[in-house]
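First the structure, in the form of structure tokens, and then the observations on it.
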Amino acid sequence: MTRYLLRRLGHGLLILFGVSLLLFILQQAAPGDFLSDMKLNSQISEGTAKALRAQYGVDQPLPRRYGRWMLSVAKGELGYSFAYNVSASSLLAPRVLNTLLLSVPALAITWIIAVPLGVVASAWRGRWLDRFFSAGTSLALAMPDLLLALLAILIALRTHRYPVGGMHSVGAQDWGWFARMKDLGWHMALPVAVVVIGSVSPILRQVRSSMIAVLDSSYMRAAEGHGLRKWTLLFRHALPAAANPLISLFGLSVAMLLSVTLLVEVVMSWPGIGPLLLESILSRDLFVVIGAVMLSTLLLVIGNLIADVLLYAVDPRIRVQA
């Protein structure tokens with residue numbers, strides 16, 4: 001178990017290293033940087049601009065800049081923000097917590113909804129209920145996540161029952177703990193609903209296809225011939241047998257859900273990684289962009305690592321190979 005986890009952890013570290021190196025190479029290929037705009041400001045002398053470039057190491061070659069950034073990562077700083085004049089980690093830390101506050105409940109709700117509905121659709125395949133689920137998932141897949149977020153904002157504006165943007169109401173810092181948590185949950189309702197609607201359809205379809213493959217197997221037909229109840233056959237025998245591809249899908253669903261979450265954060269003004277990443281890209285704040293992408297990649301690696309641990313616990317074949 002320890003050797004298996006260490007090997008998977010090593011793969012994750014290699015992915016993080018490769019992503020960081022690729023980001024620096026792409027940044028080198030992109031024209032200009034944050035300090036290049038100072039040349040257009042007549043109030044800043046050329047000597048001051050050169051001194052700032054030397055201070056931040058922008059004028060150094062790529063290997064040296066990458067080495068300086070790695071040293072800052074070792075210190076927990078993730079580089080330096082040119083726009084905010086603080087370390088990138090101090091900007092990203094609260095934003096990551098806000099993104100997790102939105103994405104973790106959405107991930108849990110997505111799987112809680114998708115797994116039972118996928119099992120039911122596989123049990124009644126070809127019937128009206130299965131066709132209803134197929135039509136609903138096709139409609140949800142055809143709708144862009146941006147359109148879903150805009151529709152949610154329209155519902156909030158028309159009904160006046162849901163807040164539009166932000167995490168807390170005005171003056172919420174003076175309320176009691178329970179009132180603040182209730183207000184936070186009310187602000188989370190629409191963004192979480194949009195993320196769930198945008199993520200549940202592909203998982204439901206995968207659950208359905210995996211269950212159908214198991215139900216068509218000879219051992220499941222033999223179990224059915226022994227007179228087992230249908231729900232017992234589905235949830236106690238067929239679903240564990242179909243768990244392997246679903247557990248693998250869990251790691252991939254983290255990446256899919258993160259992409260939806262970042263878009264929803266930008267459109268619905270949720271103060272997570274998404275708005276900060278967009279702002280940093282537009283202002284060419286290099287290290288904040290790299291830090292945001294690296295933290296998103298880290299969340300993806302953690303999701304895949306959790307999926308690997310679950311596969312190791314469920315599938316004895318992986319334990320033998322490990």
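Labels used: A, B, ... for chains in the order of the structure tokens, numbers from 1 for residues in each chain, and numbers from 1 for ligands as shown.
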
Need to verify the contact set: A:Trp69, 9 Å, only C-alpha atoms, exclusion of same-chain residues closer than 5 positions in sequence. Can you return it as a ChimeraX atom specification? /A:64,74,77-80,287

Kindly export the residues of the current selection with C-alpha atoms, as a CSV table (one decimal), in the first residue's frame.
```csv
chain,number,residue,atom,x,y,z
A,64,ARG,CA,17.2,31.4,-13.6
A,74,ALA,CA,9.8,26.1,-1.3
A,77,GLU,CA,5.1,32.1,-1.6
A,78,LEU,CA,4.4,30.9,-5.2
A,79,GLY,CA,6.1,34.0,-6.6
A,80,TYR,CA,5.3,37.6,-6.3
A,287,PHE,CA,3.2,34.5,-11.0
```

If you run DSSP on the backbone here, which positions in stretch 59-300 of chain A get helix (DSSP H, G or I)? Please write them as JSON, numbers by chain. {"A": [62, 63, 64, 65, 66, 67, 68, 69, 70, 71, 72, 73, 74, 88, 89, 90, 91, 92, 93, 94, 95, 96, 97, 98, 99, 100, 101, 102, 103, 104, 105, 106, 107, 108, 109, 110, 111, 112, 113, 114, 115, 116, 117, 118, 119, 120, 121, 122, 123, 128, 129, 130, 131, 132, 133, 134, 135, 136, 137, 138, 139, 140, 141, 142, 145, 146, 147, 148, 149, 150, 151, 152, 153, 154, 155, 156, 157, 158, 159, 172, 173, 174, 177, 178, 179, 180, 181, 182, 183, 184, 185, 186, 187, 188, 189, 190, 191, 192, 193, 194, 195, 196, 197, 198, 199, 200, 201, 202, 203, 204, 205, 206, 207, 208, 209, 210, 211, 212, 213, 214, 215, 218, 219, 220, 221, 222, 223, 224, 225, 230, 231, 232, 233, 234, 235, 236, 237, 238, 239, 240, 241, 243, 244, 245, 246, 247, 248, 249, 250, 251, 252, 253, 254, 255, 256, 257, 258, 259, 260, 261, 262, 263, 264, 265, 266, 267, 273, 274, 275, 276, 277, 278, 279, 280, 281, 282, 283, 286, 287, 288, 289, 290, 291, 292, 293, 294, 295, 296, 297, 298, 299, 300]}

Please produce, as CSV, a per-residue contact table for stretch 72-107 of chain A versus stretch 248-256 of chain A (criterion: any atom at most 12 Å away, only C-alpha atoms considered), showing the nearest atom pair and its distance in Å to one decimal, sorted by chain then residue number.
```
residue,atom,partner,partner_atom,distance
A:Leu100,CA,A:Val254,CA,11.2
A:Ser103,CA,A:Val254,CA,8.8
A:Val104,CA,A:Val254,CA,9.3
A:Pro105,CA,A:Val254,CA,12.0
A:Ala106,CA,A:Val254,CA,10.3
A:Leu107,CA,A:Val254,CA,7.6
```

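If you measure from each of A:Gly12, A:Pro116, A:Gly274, A:Pro191 to A:Ala156 using only C-alpha atoms, the closest one turns out to be A:Pro191.
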
Find the residues around A:Met268 up to 12 Å (only C-alpha atoms counted), leave out those fewer than 6 positions away in its own chain, and share them as a ChimeraX atom specification. /A:102,145-154,156,162-167,187-195,260-262,274-275

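Between atom CA of A:Ser210 and atom CA of A:Pro240 there is a distance of 10.7 Å.
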